[in-house]
$ cat data-v7.txt   # compact mmCIF, C-alpha atoms and all ligand atoms
# COMPACT_ATOMS: atom_id res chain seq x y z
CA MET P 1 0.00 0.00 0.00
CA LYS P 2 1.26 3.46 -0.85
CA ILE P 3 0.16 6.38 1.33
CA GLU P 4 -0.42 9.50 -0.72
CA GLY P 5 -1.51 11.99 1.91
CA PHE P 6 -3.87 12.90 4.71
CA GLU P 7 -6.89 15.09 5.22
CA LEU P 8 -7.08 16.74 8.64
CA ARG P 9 -10.67 17.72 9.30
CA ARG P 10 -12.13 19.43 12.35
CA ILE P 11 -15.78 18.98 13.23
CA ALA P 12 -17.87 20.52 16.01
CA LEU P 13 -20.76 18.54 17.45
CA PRO P 14 -23.14 19.71 20.18
CA ILE P 15 -23.60 17.32 23.13
CA VAL P 16 -27.19 16.52 24.17
CA THR P 17 -26.65 17.39 27.86
CA PRO P 18 -23.53 18.83 29.53
CA PHE P 19 -21.19 16.03 30.71
CA ARG P 20 -19.40 16.93 33.96
CA THR P 21 -16.39 15.06 35.31
CA SER P 22 -13.99 15.85 38.17
CA PHE P 23 -11.87 17.88 35.70
CA GLY P 24 -14.50 19.90 33.87
CA THR P 25 -17.70 20.02 31.83
CA GLN P 26 -18.05 19.15 28.16
CA THR P 27 -20.91 20.91 26.36
CA SER P 28 -19.76 20.26 22.80
CA ARG P 29 -17.12 18.19 21.09
CA ASP P 30 -14.46 19.68 18.79
CA ILE P 31 -13.00 16.62 17.07
CA LEU P 32 -10.06 16.04 14.73
CA LEU P 33 -10.72 13.44 12.03
CA VAL P 34 -7.88 12.10 9.90
CA LYS P 35 -8.44 10.55 6.50
CA ALA P 36 -5.60 8.56 4.95
CA ILE P 37 -5.48 8.63 1.15
CA THR P 38 -3.74 5.60 -0.32
CA ASP P 39 -3.41 3.91 -3.70
CA GLY P 40 -6.00 1.42 -2.39
CA ALA P 41 -8.89 2.72 -0.28
CA GLU P 42 -9.30 5.79 1.93
CA GLY P 43 -9.26 5.20 5.70
CA TRP P 44 -10.57 7.14 8.68
CA GLY P 45 -9.35 7.80 12.18
CA GLU P 46 -10.88 9.84 15.01
CA CYS P 47 -8.57 11.60 17.46
CA VAL P 48 -9.92 11.32 21.03
CA SER P 49 -8.02 14.27 22.51
CA LEU P 50 -9.95 17.03 24.27
CA PRO P 51 -9.36 20.72 23.41
CA GLN P 52 -7.49 21.22 26.72
CA PRO P 53 -4.93 18.94 28.42
CA VAL P 54 -7.25 18.13 31.35
CA TYR P 55 -7.84 14.39 30.94
CA SER P 56 -4.25 13.63 29.87
CA PRO P 57 -1.36 15.84 28.67
CA GLU P 58 -2.63 15.79 25.09
CA TYR P 59 -4.88 18.44 23.54
CA THR P 60 -6.24 18.75 20.04
CA GLU P 61 -4.16 21.65 18.71
CA GLY P 62 -1.10 19.81 20.02
CA ALA P 63 -2.17 16.64 18.20
CA VAL P 64 -2.55 18.60 14.94
CA ASP P 65 0.92 20.06 15.41
CA MET P 66 2.50 16.66 16.16
CA LEU P 67 0.81 15.13 13.13
CA LYS P 68 1.94 17.85 10.73
CA ARG P 69 5.41 18.31 12.17
CA TYR P 70 6.45 14.71 12.94
CA PHE P 71 3.93 11.92 12.45
CA ILE P 72 2.78 12.50 8.88
CA PRO P 73 6.38 12.96 7.64
CA GLY P 74 7.29 10.02 9.92
CA VAL P 75 5.03 7.55 8.10
CA ALA P 76 6.44 8.36 4.64
CA GLY P 77 7.44 5.02 3.16
CA VAL P 78 5.30 3.00 5.60
CA LYS P 79 3.43 0.28 3.69
CA THR P 80 1.34 -1.34 6.40
CA ALA P 81 -0.33 -0.25 9.65
CA THR P 82 1.87 -2.51 11.78
CA ASP P 83 4.88 -0.41 10.72
CA VAL P 84 3.36 2.88 11.97
CA ALA P 85 4.15 2.51 15.70
CA PRO P 86 7.77 1.41 15.09
CA ALA P 87 8.24 4.34 12.66
CA LEU P 88 6.97 6.82 15.27
CA HIS P 89 8.54 5.18 18.34
CA LYS P 90 11.42 7.68 18.57
CA TYR P 91 8.92 10.48 19.19
CA LYS P 92 7.98 10.47 22.87
CA GLY P 93 4.41 10.54 24.07
CA HIS P 94 1.37 11.82 22.14
CA PRO P 95 -0.41 8.43 22.01
CA MET P 96 -3.73 9.95 20.84
CA ALA P 97 -2.08 11.59 17.84
CA LYS P 98 -0.18 8.36 17.09
CA ALA P 99 -3.40 6.36 17.43
CA VAL P 100 -5.37 8.46 14.97
CA ILE P 101 -2.81 8.15 12.16
CA GLU P 102 -2.37 4.40 12.76
CA THR P 103 -6.15 3.91 12.76
CA ALA P 104 -6.60 5.82 9.49
CA ILE P 105 -3.86 3.76 7.83
CA LEU P 106 -5.20 0.49 9.28
CA ASP P 107 -8.71 1.35 8.06
CA ALA P 108 -7.39 2.09 4.55
CA GLU P 109 -5.47 -1.18 4.54
CA LEU P 110 -8.38 -3.28 5.78
CA ARG P 111 -10.83 -1.64 3.36
CA THR P 112 -8.43 -2.35 0.51
CA GLU P 113 -8.26 -6.01 1.53
CA GLY P 114 -11.95 -6.32 2.40
CA ARG P 115 -11.33 -7.28 6.04
CA SER P 116 -13.07 -5.83 9.11
CA PHE P 117 -11.52 -4.34 12.25
CA ALA P 118 -13.34 -7.01 14.26
CA ARG P 119 -11.80 -9.86 12.30
CA GLU P 120 -8.37 -8.25 12.29
CA LEU P 121 -8.35 -7.66 16.05
CA GLY P 122 -9.68 -11.13 16.96
CA SER P 123 -13.37 -10.63 17.66
CA VAL P 124 -15.32 -13.55 19.14
CA ASN P 125 -18.72 -11.91 19.73
CA GLU P 126 -21.39 -10.60 17.37
CA ARG P 127 -22.67 -8.00 19.81
CA VAL P 128 -21.36 -6.17 22.84
CA PRO P 129 -23.16 -5.07 26.02
CA CYS P 130 -23.52 -1.32 26.57
CA GLY P 131 -22.53 0.60 29.65
CA VAL P 132 -23.14 4.29 30.15
CA SER P 133 -21.07 6.93 31.93
CA VAL P 134 -23.18 9.36 33.98
CA GLY P 135 -21.74 12.81 34.74
CA ILE P 136 -21.67 14.69 38.03
CA MET P 137 -24.99 16.49 38.55
CA ASP P 138 -26.22 19.45 40.58
CA SER P 139 -28.46 17.33 42.79
CA ILE P 140 -29.25 13.73 43.74
CA PRO P 141 -32.82 13.86 42.30
CA GLU P 142 -31.33 14.96 38.97
CA LEU P 143 -28.86 12.05 39.11
CA LEU P 144 -31.61 9.53 39.90
CA ASP P 145 -33.66 10.82 36.94
CA ALA P 146 -30.71 10.43 34.61
CA VAL P 147 -29.78 6.95 35.85
CA GLY P 148 -33.44 5.86 35.71
CA GLY P 149 -33.64 7.04 32.11
CA TYR P 150 -30.56 5.05 31.09
CA ILE P 151 -31.80 1.91 32.85
CA ASP P 152 -35.14 2.27 31.03
CA GLU P 153 -33.27 2.56 27.73
CA GLY P 154 -31.63 -0.79 28.46
CA TYR P 155 -28.07 0.07 29.51
CA VAL P 156 -26.68 -2.94 31.33
CA ARG P 157 -24.10 -1.11 33.45
CA ILE P 158 -23.99 2.32 35.05
CA LYS P 159 -20.82 4.27 35.76
CA LEU P 160 -21.03 7.32 38.01
CA LYS P 161 -18.46 10.06 37.74
CA ILE P 162 -17.32 11.02 41.25
CA GLU P 163 -15.20 13.68 42.97
CA PRO P 164 -14.76 14.75 46.60
CA GLY P 165 -18.24 15.94 47.71
CA TRP P 166 -20.02 13.83 45.09
CA ASP P 167 -19.26 10.21 45.89
CA ILE P 168 -20.62 8.12 48.78
CA GLU P 169 -24.06 9.77 48.88
CA ALA P 170 -24.48 9.63 45.10
CA VAL P 171 -23.65 5.91 45.09
CA ARG P 172 -25.87 5.25 48.10
CA ALA P 173 -28.82 7.03 46.47
CA VAL P 174 -28.46 5.04 43.23
CA ARG P 175 -28.20 1.74 45.11
CA GLU P 176 -31.22 2.58 47.29
CA ARG P 177 -33.37 3.57 44.33
CA PHE P 178 -32.36 0.95 41.76
CA GLY P 179 -31.30 -1.97 43.94
CA ASP P 180 -28.35 -4.30 44.26
CA GLU P 181 -28.83 -5.96 40.88
CA VAL P 182 -27.63 -2.97 38.84
CA LEU P 183 -24.03 -3.32 37.65
CA LEU P 184 -22.52 -0.16 39.12
CA GLN P 185 -19.04 1.38 39.11
CA VAL P 186 -17.46 4.80 39.72
CA ASP P 187 -14.79 6.90 38.01
CA ALA P 188 -12.80 9.62 39.83
CA ASN P 189 -10.50 10.79 37.00
CA THR P 190 -7.60 11.23 39.49
CA ALA P 191 -9.56 13.43 41.93
CA TYR P 192 -8.33 11.82 45.19
CA THR P 193 -5.09 11.23 47.09
CA LEU P 194 -4.00 8.38 49.31
CA ARG P 195 -5.08 10.49 52.30
CA ASP P 196 -8.66 9.84 51.15
CA ALA P 197 -8.26 6.07 51.55
CA ARG P 198 -10.53 5.77 54.59
CA HIS P 199 -13.20 7.86 52.92
CA LEU P 200 -13.01 5.79 49.73
CA ALA P 201 -13.29 2.58 51.80
CA LYS P 202 -16.90 3.64 52.52
CA LEU P 203 -17.64 2.68 48.92
CA ASP P 204 -16.99 -0.94 49.94
CA ASP P 205 -20.55 -1.12 51.32
CA PHE P 206 -22.10 -0.78 47.86
CA ASP P 207 -20.80 -3.81 45.99
CA LEU P 208 -19.32 -1.80 43.12
CA LEU P 209 -17.71 -3.55 40.15
CA LEU P 210 -14.71 -1.24 40.49
CA ILE P 211 -13.40 2.23 41.24
CA GLU P 212 -11.68 3.77 38.24
CA GLN P 213 -8.53 5.90 38.54
CA PRO P 214 -8.94 7.36 42.05
CA LEU P 215 -5.36 8.76 42.23
CA GLU P 216 -2.96 10.69 39.98
CA GLU P 217 -1.89 9.20 36.66
CA GLU P 218 1.70 8.69 37.82
CA ASP P 219 0.81 7.23 41.20
CA ILE P 220 1.00 3.50 40.40
CA VAL P 221 2.49 2.68 43.80
CA GLY P 222 -0.23 4.74 45.52
CA HIS P 223 -2.87 2.67 43.72
CA ALA P 224 -1.12 -0.53 44.85
CA ASP P 225 -1.22 0.76 48.45
CA LEU P 226 -4.84 1.83 48.12
CA ALA P 227 -5.80 -1.58 46.71
CA LYS P 228 -4.73 -3.13 50.01
CA MET P 229 -7.05 -0.78 51.91
CA LEU P 230 -10.19 -1.25 49.79
CA LYS P 231 -12.40 -4.23 49.00
CA THR P 232 -13.66 -2.48 45.84
CA PRO P 233 -11.40 -3.49 42.92
CA ILE P 234 -9.22 -0.73 41.47
CA CYS P 235 -9.30 -0.19 37.71
CA LEU P 236 -6.71 2.05 36.08
CA ASP P 237 -7.58 4.31 33.16
CA GLU P 238 -5.27 7.37 32.84
CA SER P 239 -2.25 5.50 34.29
CA VAL P 240 -2.23 2.84 31.58
CA THR P 241 -0.49 4.48 28.63
CA SER P 242 1.05 1.36 27.02
CA ALA P 243 1.35 -2.41 27.32
CA GLN P 244 4.47 -1.77 29.38
CA THR P 245 2.71 0.39 31.98
CA ALA P 246 -0.18 -2.09 32.03
CA ALA P 247 2.22 -4.95 32.80
CA ALA P 248 3.93 -2.91 35.53
CA ALA P 249 0.62 -1.92 37.15
CA ILE P 250 -0.55 -5.53 37.15
CA ARG P 251 2.75 -6.77 38.59
CA LEU P 252 2.64 -4.18 41.40
CA GLY P 253 -0.98 -5.01 42.29
CA ALA P 254 -2.12 -1.49 41.38
CA THR P 255 -4.97 -2.63 39.15
CA SER P 256 -7.19 -5.72 39.10
CA VAL P 257 -9.25 -4.56 36.11
CA ILE P 258 -8.14 -2.38 33.17
CA ASN P 259 -10.03 0.22 31.15
CA ILE P 260 -8.56 0.00 27.63
CA LYS P 261 -8.86 3.16 25.54
CA PRO P 262 -7.08 2.79 22.20
CA GLY P 263 -6.33 6.52 21.94
CA ARG P 264 -4.71 6.63 25.36
CA VAL P 265 -2.32 3.76 24.52
CA GLY P 266 -1.32 4.73 20.96
CA GLY P 267 -3.81 2.73 18.91
CA TYR P 268 -5.85 -0.44 18.42
CA LEU P 269 -2.80 -2.66 17.92
CA GLU P 270 -1.32 -1.66 21.31
CA ALA P 271 -4.83 -1.96 22.81
CA ARG P 272 -4.92 -5.57 21.61
CA ARG P 273 -1.52 -6.22 23.21
CA ILE P 274 -2.86 -4.96 26.54
CA HIS P 275 -5.91 -7.19 26.11
CA ASP P 276 -3.61 -10.17 25.50
CA LEU P 277 -1.29 -9.57 28.44
CA ALA P 278 -4.21 -8.85 30.78
CA ALA P 279 -5.90 -12.09 29.69
CA ALA P 280 -2.67 -13.98 30.38
CA ALA P 281 -2.59 -12.44 33.87
CA GLY P 282 -6.28 -13.17 34.55
CA ILE P 283 -7.15 -9.44 34.58
CA PRO P 284 -10.55 -8.55 33.06
CA VAL P 285 -10.64 -5.57 30.70
CA TRP P 286 -13.34 -3.31 29.28
CA CYS P 287 -13.41 -0.71 26.53
CA GLY P 288 -13.37 2.93 27.62
CA GLY P 289 -14.93 5.81 25.74
CA MET P 290 -13.99 9.39 24.85
CA LEU P 291 -17.35 10.61 23.53
CA GLU P 292 -16.54 9.23 20.09
CA THR P 293 -18.66 9.83 17.00
CA GLY P 294 -19.98 6.82 15.12
CA LEU P 295 -16.59 6.47 13.47
CA GLY P 296 -14.49 5.97 16.60
CA ARG P 297 -17.35 4.05 18.18
CA ALA P 298 -17.29 1.47 15.35
CA ALA P 299 -13.67 0.61 16.12
CA ASN P 300 -14.35 0.51 19.87
CA ILE P 301 -17.25 -1.89 19.36
CA ALA P 302 -14.97 -4.17 17.34
CA LEU P 303 -12.32 -4.07 20.08
CA ALA P 304 -14.91 -4.70 22.81
CA SER P 305 -15.86 -7.96 21.09
CA LEU P 306 -12.50 -9.60 21.90
CA PRO P 307 -12.70 -12.47 24.43
CA GLY P 308 -10.97 -10.71 27.35
CA PHE P 309 -13.49 -7.83 27.36
CA THR P 310 -15.62 -9.51 30.01
CA LEU P 311 -17.11 -6.34 31.53
CA PRO P 312 -19.50 -3.96 29.71
CA GLY P 313 -17.63 -0.93 28.36
CA ASP P 314 -18.36 2.78 28.03
CA VAL P 315 -19.75 1.77 24.68
CA SER P 316 -23.09 3.50 24.33
CA ALA P 317 -25.51 4.37 21.55
CA SER P 318 -24.92 7.48 19.42
CA ASP P 319 -27.78 9.31 21.15
CA ARG P 320 -26.02 9.14 24.54
CA PHE P 321 -24.04 12.20 23.43
CA TYR P 322 -25.25 13.25 19.97
CA LYS P 323 -28.65 14.07 18.55
CA THR P 324 -27.15 13.67 15.08
CA ASP P 325 -24.09 11.50 14.55
CA ILE P 326 -21.82 11.83 11.48
CA THR P 327 -22.35 8.15 10.55
CA GLU P 328 -25.50 6.06 10.55
CA PRO P 329 -26.39 6.20 14.25
CA TRP P 330 -25.44 3.36 16.57
CA VAL P 331 -28.74 2.17 18.01
CA MET P 332 -28.90 -0.10 21.03
CA GLU P 333 -31.01 -3.24 20.93
CA ASP P 334 -31.71 -5.03 24.17
CA GLY P 335 -28.77 -3.21 25.81
CA HIS P 336 -26.33 -4.26 23.09
CA LEU P 337 -24.69 -2.95 19.91
CA THR P 338 -23.92 -5.15 16.91
CA VAL P 339 -20.27 -5.49 15.95
CA PRO P 340 -19.64 -4.04 12.47
CA THR P 341 -18.42 -6.62 9.93
CA GLY P 342 -17.97 -4.57 6.75
CA PRO P 343 -14.49 -3.76 5.40
CA GLY P 344 -12.36 -1.62 7.75
CA LEU P 345 -14.43 0.25 10.31
CA GLY P 346 -17.56 -0.90 8.47
CA VAL P 347 -19.02 2.60 8.61
CA ALA P 348 -18.17 5.94 7.00
CA PRO P 349 -19.24 9.53 7.57
CA ILE P 350 -22.38 10.57 5.71
CA PRO P 351 -21.05 13.28 3.34
CA GLU P 352 -23.82 15.87 3.93
CA LEU P 353 -23.62 15.50 7.73
CA LEU P 354 -19.84 15.62 7.67
CA GLU P 355 -19.98 18.89 5.71
CA GLU P 356 -22.60 20.30 8.05
CA PHE P 357 -20.42 19.80 11.14
CA THR P 358 -17.03 20.62 9.55
CA THR P 359 -15.22 23.70 10.81
CA SER P 360 -11.98 23.33 8.81
CA VAL P 361 -10.21 21.00 6.38
CA GLU P 362 -6.53 20.79 5.57
CA TRP P 363 -4.62 18.57 3.13
CA VAL P 364 -1.14 17.28 3.78
CA THR P 365 0.46 15.39 0.91
CA LEU P 366 3.41 13.07 1.43
O1 LIG F 401 -17.58 7.95 25.65
O2 LIG F 401 -19.04 7.15 27.02
C1 LIG F 401 -18.06 7.87 26.77
C2 LIG F 401 -17.44 8.64 27.90
C3 LIG F 401 -16.93 7.74 28.96
O3 LIG F 401 -16.57 8.62 31.12
C4 LIG F 401 -16.12 8.45 30.02
N1 LIG F 401 -14.87 8.84 29.68
O4 LIG F 401 -12.34 8.89 32.18
O5 LIG F 401 -13.38 7.27 31.33
C5 LIG F 401 -13.19 8.48 31.40
C6 LIG F 401 -13.98 9.49 30.60
C7 LIG F 401 -13.06 10.39 29.85
C8 LIG F 401 -13.72 11.41 28.99
S1 LIG F 401 -14.32 12.72 29.88
C9 LIG F 401 -14.59 14.04 28.85
MG MG F 402 -12.00 7.01 33.22
$ encode --input "data-v7.txt" --output "structure tokens"
Amino acid sequence: MKIEGFELRRIALPIVTPFRTSFGTQTSRDILLVKAITDGAEGWGECVSLPQPVYSPEYTEGAVDMLKRYFIPGVAGVKTATDVAPALHKYKGHPMAKAVIETAILDAELRTEGRSFARELGSVNERVPCGVSVGIMDSIPELLDAVGGYIDEGYVRIKLKIEPGWDIEAVRAVRERFGDEVLLQVDANTAYTLRDARHLAKLDDFDLLLIEQPLEEEDIVGHADLAKMLKTPICLDESVTSAQTAAAAIRLGATSVINIKPGRVGGYLEARRIHDLAAAAGIPVWCGGMLETGLGRAANIALASLPGFTLPGDVSASDRFYKTDITEPWVMEDGHLTVPTGPGLGVAPIPELLEEFTTSVEWVTL
């Protein structure tokens, strides 16, 4: 395969209701899409960075700069997606920017060869169960309304975003209203320190599936210490930036479940490596989400259908965040989404919708 160039396209999509986490509130999504132009097919990638470096060090303008300055020139001569990560290895960090270019090239390659992401990654399931991530709200009644709505829609697992001041009582209220049967977990996005250990241990009363990333990204040892003080399993998100950090966190006892987000670890091929090493270590994994459009969602659904993904992911229907998606919308049936089987991602942006939401387009030829 010969890569001829890339289109860098920015789109702006409104979000149906503001989504608040411990680090801020998202009210719309400004997304970078990358299209790889090759002598075979065209391929798409969706960059999961946020506009500001508040979830991880990456931010979208930075990703654009890295792509134009280093990563696009860096893949000149690359003939297959498996050569992308080795070609870019000398450049430190920026996994989301690396992931988007690898995904676009992989999609082009798979479309050319008529193979799907699911088949390429090692899918074993035809559908995946859907979890939903519920933001921090202004009041408990508002939270209970939101959770009730998602349960009525069929979501099979609820994740509550937490922060100091919005944790034990929120979880207690959801358990009291919806019962012990609901699969429930929480995500702190690094909002606590080890000094909060005794407070966090109060979550042990509520039979949660896991607590996600309570401490700082770098604090692997702190998570290992905290794990000894809690019954609730710890699941790392932000801290796991590669297969290497995943292996280290497992070895140290810092994580007994892993949230795999392809963007955070440099792409779907590295995500599969983490899946494989976690499976070998008996560690369950699940697929995280970054408010993807239908494009990024398609790839996540394929990944979530691998055998080690034994917990429902933050894999929700398009209408969880977007009234209008840029692809055919992902619609949940019986709490599940069907794994796409067409060539590559199996979906593509609908041209008129893509145009409608586009804010800028730039071409970079190789
Ligand atoms: O795509 O369903 C989704 C969002 C899931 O909560 C979610 N993601 O830390 O796991 C996480 C957050 C990161 C994004 S917050 C803007
Ligand atoms: Mg998280």
$ residues_near_ligand --input "data-v7.txt" --ligand "ligand MG 402 (chain F)" --cutoff "12 Å" --atoms "all atoms listed in the file" --output "ChimeraX atom specification"
/P:21-23,55-56,132-135,159-162,185-191,210-217,234-240,258-261,264,286-291,313-314
$ write_last_selection --input "data-v7.txt" --atoms "C-alpha atoms" --output "tab-separated table (two decimals), in the coordinates of the input"
chain	number	residue	atom	x	y	z
P	21	THR	CA	-16.39	15.06	35.31
P	22	SER	CA	-13.99	15.85	38.17
P	23	PHE	CA	-11.87	17.88	35.70
P	55	TYR	CA	-7.84	14.39	30.94
P	56	SER	CA	-4.25	13.63	29.87
P	132	VAL	CA	-23.14	4.29	30.15
P	133	SER	CA	-21.07	6.93	31.93
P	134	VAL	CA	-23.18	9.36	33.98
P	135	GLY	CA	-21.74	12.81	34.74
P	159	LYS	CA	-20.82	4.27	35.76
P	160	LEU	CA	-21.03	7.32	38.01
P	161	LYS	CA	-18.46	10.06	37.74
P	162	ILE	CA	-17.32	11.02	41.25
P	185	GLN	CA	-19.04	1.38	39.11
P	186	VAL	CA	-17.46	4.80	39.72
P	187	ASP	CA	-14.79	6.90	38.01
P	188	ALA	CA	-12.80	9.62	39.83
P	189	ASN	CA	-10.50	10.79	37.00
P	190	THR	CA	-7.60	11.23	39.49
P	191	ALA	CA	-9.56	13.43	41.93
P	210	LEU	CA	-14.71	-1.24	40.49
P	211	ILE	CA	-13.40	2.23	41.24
P	212	GLU	CA	-11.68	3.77	38.24
P	213	GLN	CA	-8.53	5.90	38.54
P	214	PRO	CA	-8.94	7.36	42.05
P	215	LEU	CA	-5.36	8.76	42.23
P	216	GLU	CA	-2.96	10.69	39.98
P	217	GLU	CA	-1.89	9.20	36.66
P	234	ILE	CA	-9.22	-0.73	41.47
P	235	CYS	CA	-9.30	-0.19	37.71
P	236	LEU	CA	-6.71	2.05	36.08
P	237	ASP	CA	-7.58	4.31	33.16
P	238	GLU	CA	-5.27	7.37	32.84
P	239	SER	CA	-2.25	5.50	34.29
P	240	VAL	CA	-2.23	2.84	31.58
P	258	ILE	CA	-8.14	-2.38	33.17
P	259	ASN	CA	-10.03	0.22	31.15
P	260	ILE	CA	-8.56	0.00	27.63
P	261	LYS	CA	-8.86	3.16	25.54
P	264	ARG	CA	-4.71	6.63	25.36
P	286	TRP	CA	-13.34	-3.31	29.28
P	287	CYS	CA	-13.41	-0.71	26.53
P	288	GLY	CA	-13.37	2.93	27.62
P	289	GLY	CA	-14.93	5.81	25.74
P	290	MET	CA	-13.99	9.39	24.85
P	291	LEU	CA	-17.35	10.61	23.53
P	313	GLY	CA	-17.63	-0.93	28.36
P	314	ASP	CA	-18.36	2.78	28.03
$ residues_around --input "data-v7.txt" --residues "Gln26 (chain P)" --least-positions-apart "5" --cutoff "9 Å" --atoms "all atoms listed in the file" --output "PyMOL selection string"
chain P and resi 15+17-21
$ closest_residue --input "data-v7.txt" --among "P:Glu292, P:Glu61, P:Asp145, P:Asp207" --to "ligand LIG 401 (chain F)" --atoms "all atoms listed in the file"
P:Glu292
$ residues_near_point --input "data-v7.txt" --point "(-0.4, 5.8, 9.6)" --cutoff "7 Å" --atoms "all atoms listed in the file" --output "list in words"
Val75, Ala81, Val84, Ile101, Glu102, Thr103, Ala104 and Ile105 of chain P
$ atom_distance --input "data-v7.txt" --atom1 "CA of Asp180 (chain P)" --atom2 "CA of Trp330 (chain P)"
28.9 Å
$ closest_residue --input "data-v7.txt" --among "P:Thr255, P:Asn300, P:Thr293, P:Asn125" --to "Leu33 (chain P)" --atoms "only C-alpha atoms"
P:Thr293
$ atom_distance --input "data-v7.txt" --atom1 "CA of Pro141 (chain P)" --atom2 "CA of Glu176 (chain P)"
12.4 Å
$ atom_distance --input "data-v7.txt" --atom1 "atom O3 of ligand LIG 401 (chain F)" --atom2 "CA of Ala317 (chain P)"
13.8 Å
$ closest_residue --input "data-v7.txt" --among "P:Phe357, P:Tyr192, P:Phe321, P:Trp363" --to "His223 (chain P)" --atoms "only C-alpha atoms"
P:Tyr192
$ closest_residue --input "data-v7.txt" --among "P:Val124, P:Leu8, P:Leu13, P:Leu50" --to "Ile326 (chain P)" --atoms "all atoms listed in the file"
P:Leu13
$ decode --input "data-v7.txt" --residues "region 165-182 of chain P" --atoms "N, CA and C atoms" --output "PDB file, in the first residue's frame"
ATOM      1  N   GLY P 165     -16.968  15.217  47.566  1.00  0.00           N
ATOM      2  CA  GLY P 165     -18.235  15.943  47.714  1.00  0.00           C
ATOM      3  C   GLY P 165     -19.353  15.357  46.866  1.00  0.00           C
ATOM      4  N   TRP P 166     -19.012  14.500  45.928  1.00  0.00           N
ATOM      5  CA  TRP P 166     -20.022  13.826  45.086  1.00  0.00           C
ATOM      6  C   TRP P 166     -19.573  12.369  44.915  1.00  0.00           C
ATOM      7  N   ASP P 167     -19.713  11.602  45.990  1.00  0.00           N
ATOM      8  CA  ASP P 167     -19.259  10.213  45.885  1.00  0.00           C
ATOM      9  C   ASP P 167     -20.149   9.259  46.675  1.00  0.00           C
ATOM     10  N   ILE P 168     -19.924   9.151  47.996  1.00  0.00           N
ATOM     11  CA  ILE P 168     -20.622   8.121  48.779  1.00  0.00           C
ATOM     12  C   ILE P 168     -22.147   8.300  48.682  1.00  0.00           C
ATOM     13  N   GLU P 169     -22.609   9.550  48.857  1.00  0.00           N
ATOM     14  CA  GLU P 169     -24.065   9.768  48.880  1.00  0.00           C
ATOM     15  C   GLU P 169     -24.691   9.536  47.510  1.00  0.00           C
ATOM     16  N   ALA P 170     -23.965   9.871  46.459  1.00  0.00           N
ATOM     17  CA  ALA P 170     -24.485   9.626  45.104  1.00  0.00           C
ATOM     18  C   ALA P 170     -24.639   8.122  44.875  1.00  0.00           C
ATOM     19  N   VAL P 171     -23.614   7.363  45.274  1.00  0.00           N
ATOM     20  CA  VAL P 171     -23.650   5.912  45.089  1.00  0.00           C
ATOM     21  C   VAL P 171     -24.769   5.305  45.964  1.00  0.00           C
ATOM     22  N   ARG P 172     -24.850   5.771  47.193  1.00  0.00           N
ATOM     23  CA  ARG P 172     -25.875   5.247  48.098  1.00  0.00           C
ATOM     24  C   ARG P 172     -27.281   5.475  47.518  1.00  0.00           C
ATOM     25  N   ALA P 173     -27.496   6.688  46.999  1.00  0.00           N
ATOM     26  CA  ALA P 173     -28.822   7.034  46.465  1.00  0.00           C
ATOM     27  C   ALA P 173     -29.176   6.139  45.271  1.00  0.00           C
ATOM     28  N   VAL P 174     -28.201   5.888  44.410  1.00  0.00           N
ATOM     29  CA  VAL P 174     -28.464   5.038  43.232  1.00  0.00           C
ATOM     30  C   VAL P 174     -28.741   3.601  43.669  1.00  0.00           C
ATOM     31  N   ARG P 175     -27.957   3.099  44.609  1.00  0.00           N
ATOM     32  CA  ARG P 175     -28.196   1.738  45.108  1.00  0.00           C
ATOM     33  C   ARG P 175     -29.585   1.630  45.760  1.00  0.00           C
ATOM     34  N   GLU P 176     -29.932   2.641  46.584  1.00  0.00           N
ATOM     35  CA  GLU P 176     -31.222   2.576  47.285  1.00  0.00           C
ATOM     36  C   GLU P 176     -32.379   2.605  46.303  1.00  0.00           C
ATOM     37  N   ARG P 177     -32.262   3.446  45.272  1.00  0.00           N
ATOM     38  CA  ARG P 177     -33.375   3.572  44.331  1.00  0.00           C
ATOM     39  C   ARG P 177     -33.443   2.390  43.359  1.00  0.00           C
ATOM     40  N   PHE P 178     -32.315   1.940  42.859  1.00  0.00           N
ATOM     41  CA  PHE P 178     -32.357   0.951  41.762  1.00  0.00           C
ATOM     42  C   PHE P 178     -31.957  -0.464  42.170  1.00  0.00           C
ATOM     43  N   GLY P 179     -31.524  -0.623  43.420  1.00  0.00           N
ATOM     44  CA  GLY P 179     -31.300  -1.975  43.936  1.00  0.00           C
ATOM     45  C   GLY P 179     -29.905  -2.517  43.700  1.00  0.00           C
ATOM     46  N   ASP P 180     -29.688  -3.707  44.276  1.00  0.00           N
ATOM     47  CA  ASP P 180     -28.348  -4.302  44.260  1.00  0.00           C
ATOM     48  C   ASP P 180     -28.023  -5.007  42.950  1.00  0.00           C
ATOM     49  N   GLU P 181     -29.045  -5.190  42.113  1.00  0.00           N
ATOM     50  CA  GLU P 181     -28.828  -5.962  40.881  1.00  0.00           C
ATOM     51  C   GLU P 181     -28.078  -5.162  39.818  1.00  0.00           C
ATOM     52  N   VAL P 182     -28.242  -3.820  39.879  1.00  0.00           N
ATOM     53  CA  VAL P 182     -27.633  -2.968  38.839  1.00  0.00           C
ATOM     54  C   VAL P 182     -26.106  -3.075  38.884  1.00  0.00           C
TER      55      VAL P 182
END
